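Since the structure comes first, as structure tokens, the remarks are kept for the end.
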Amino acid sequence: MCKPFTGFFLNSKNTSMEIILISTMVLVSYLIGSLPSSVWIGKAYHGTDVRDFGSGNAGATNTFRVLGKPTGILVLFLDIVKGLTATSLIHYIPSVSHGTDQFINLQLLFGLLAVVGHIFPIYENFKGGKGIATLFGLLIGIHYLLALACAGLFIIVLVSTKYVSLSSIMAAVAFPILTIFVFKRDEPLFIAFGVAAALLVVLTHKKNITRLINGIENKANLFGSKL
């Protein structure tokens, strides 16, 4: 018999205070993910809302393209930190033992809420980025070797094709495949998350996929002043 969905994150030993603490961390994770680094930094230091230029996306890639490499690198770093920070909130719940299914499942939950917050930020009318960097930060927090493998594939595809979108899609699709067949992880929720994350990345890149098929997708200028 399948356990209820909440059974992945709570158990019979959790007290009411612990449940309130976990619920609070869920909200905090979303709020952390909602911090629109590209929008706020662009407005504060460049007088520019990156969503009004380039692809219209509030992610690191469009920041590179619109505001240049220094700002793009800063935004990329901050977006990664959002996912990593959200997964690290698990350490503020001492009753959840490290390495248990509940520990990993809550890390996934907190990290996923940060990704959702990045895509739909409450501070900016729910118009955010595509969540790739924040998803990568989540993965670093849970399994850094898997994160490095996905990052390696991303770089290989990017250098070969100069398409950031294609690189992101390939790395995301490889995520559940590497999880199952290379790193031999067998946690059901982790595998399901990998599949869901891959689908989410594909869905958030629908326009990019159309442009790739039509041969009009923007390429990254890897060695120029801007991407």
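In the structure tokens, chains take the letters A, B, ... in the order shown, each chain's residues start at 1, and ligands count up from 1 in the order shown.
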Residues near Ile93 in chain A, anyone? I mean within 10 Å using only C-alpha atoms, not counting same-chain ones fewer than 6 positions away, as JSON, numbers by chain.
{"A": [18, 19, 21, 22, 25, 103]}
Give me a file of those residues, with N, CA and C atoms, as an mmCIF file, in the first residue's frame.
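Output (part19.cif):
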```cif
data_model
loop_
_atom_site.group_PDB
_atom_site.id
_atom_site.type_symbol
_atom_site.label_atom_id
_atom_site.label_comp_id
_atom_site.auth_asym_id
_atom_site.auth_seq_id
_atom_site.Cartn_x
_atom_site.Cartn_y
_atom_site.Cartn_z
ATOM 1 N N GLU A 18 7.969 20.277 15.365
ATOM 2 C CA GLU A 18 8.832 19.901 14.239
ATOM 3 C C GLU A 18 8.094 20.053 12.916
ATOM 4 N N ILE A 19 6.823 19.717 12.917
ATOM 5 C CA ILE A 19 6.014 19.870 11.697
ATOM 6 C C ILE A 19 5.890 21.351 11.340
ATOM 7 N N LEU A 21 8.078 23.631 12.142
ATOM 8 C CA LEU A 21 9.416 24.043 11.698
ATOM 9 C C LEU A 21 9.643 23.641 10.245
ATOM 10 N N ILE A 22 9.265 22.428 9.888
ATOM 11 C CA ILE A 22 9.416 21.952 8.509
ATOM 12 C C ILE A 22 8.561 22.802 7.566
ATOM 13 N N MET A 25 10.232 26.069 6.978
ATOM 14 C CA MET A 25 11.357 25.932 6.057
ATOM 15 C C MET A 25 10.890 25.836 4.604
ATOM 16 N N PHE A 103 15.606 12.817 5.441
ATOM 17 C CA PHE A 103 16.606 13.873 5.268
ATOM 18 C C PHE A 103 16.728 14.254 3.795
#
```
For Ile191 in chain A, work out the shell of residues within 10 Å, counting only C-alpha atoms and skipping chain neighbours fewer than 2 positions away, then give it as a ChimeraX atom specification.
/A:175-177,179-180,185-189,193-197
Using DSSP on the backbone coordinates, identify all residues within range 85-138 of chain A classified as alpha helix (DSSP H); present the result as a PyMOL selection string.
chain A and resi 85-88+101-119+132-138
Selection above as a file: C-alpha atoms, as a short mmCIF file (atom, residue, chain, number, x, y, z; two decimals), in the first residue's frame:
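That gives us again_32.cif:
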```cif
data_model
loop_
_atom_site.label_atom_id
_atom_site.label_comp_id
_atom_site.auth_asym_id
_atom_site.auth_seq_id
_atom_site.Cartn_x
_atom_site.Cartn_y
_atom_site.Cartn_z
CA THR A 85 21.04 27.38 0.68
CA ALA A 86 17.54 25.92 0.48
CA THR A 87 18.82 22.33 0.69
CA SER A 88 21.03 23.35 3.63
CA ASP A 101 15.16 8.98 3.46
CA GLN A 102 13.40 11.80 5.29
CA PHE A 103 16.61 13.87 5.27
CA ILE A 104 17.06 13.49 1.50
CA ASN A 105 13.36 13.95 0.76
CA LEU A 106 13.22 17.20 2.74
CA GLN A 107 16.35 18.44 0.98
CA LEU A 108 14.60 17.77 -2.32
CA LEU A 109 11.44 19.52 -1.14
CA PHE A 110 13.27 22.63 0.07
CA GLY A 111 15.43 22.78 -3.04
CA LEU A 112 12.47 22.32 -5.36
CA LEU A 113 10.60 25.15 -3.65
CA ALA A 114 13.62 27.37 -4.27
CA VAL A 115 13.52 26.44 -7.97
CA VAL A 116 9.79 27.18 -8.08
CA GLY A 117 10.48 30.51 -6.38
CA HIS A 118 13.11 31.36 -9.00
CA ILE A 119 10.70 30.61 -11.84
CA ILE A 132 18.66 25.98 -14.20
CA ALA A 133 21.28 27.55 -11.93
CA THR A 134 19.10 27.16 -8.84
CA LEU A 135 18.46 23.52 -9.77
CA PHE A 136 22.21 23.04 -10.07
CA GLY A 137 22.66 24.50 -6.58
CA LEU A 138 20.06 22.06 -5.27
#
```
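Counting only C-alpha atoms, the residue from A:Ala149, A:Ile142, A:Ile209, A:Ala171 that sits nearest to Gly99 in chain A is A:Ile142.
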Who sits within 12 Å of Gly72 in chain A, only C-alpha atoms, same chain under 5 positions skipped, as a list of chain:residue names
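Close residues of Gly72 in chain A: A:Ser37, A:Ser38, A:Val39, A:Ile41, A:Gly42, A:Val50, A:Ala58, A:Gly59, A:Ala60, A:Thr61, A:Asn62, A:Thr63, A:Phe64, A:Arg65, A:Val66, A:Leu67, A:Phe77, A:Leu78, A:Asp79, A:Ala133, A:Ser225, A:Lys226, A:Leu227.
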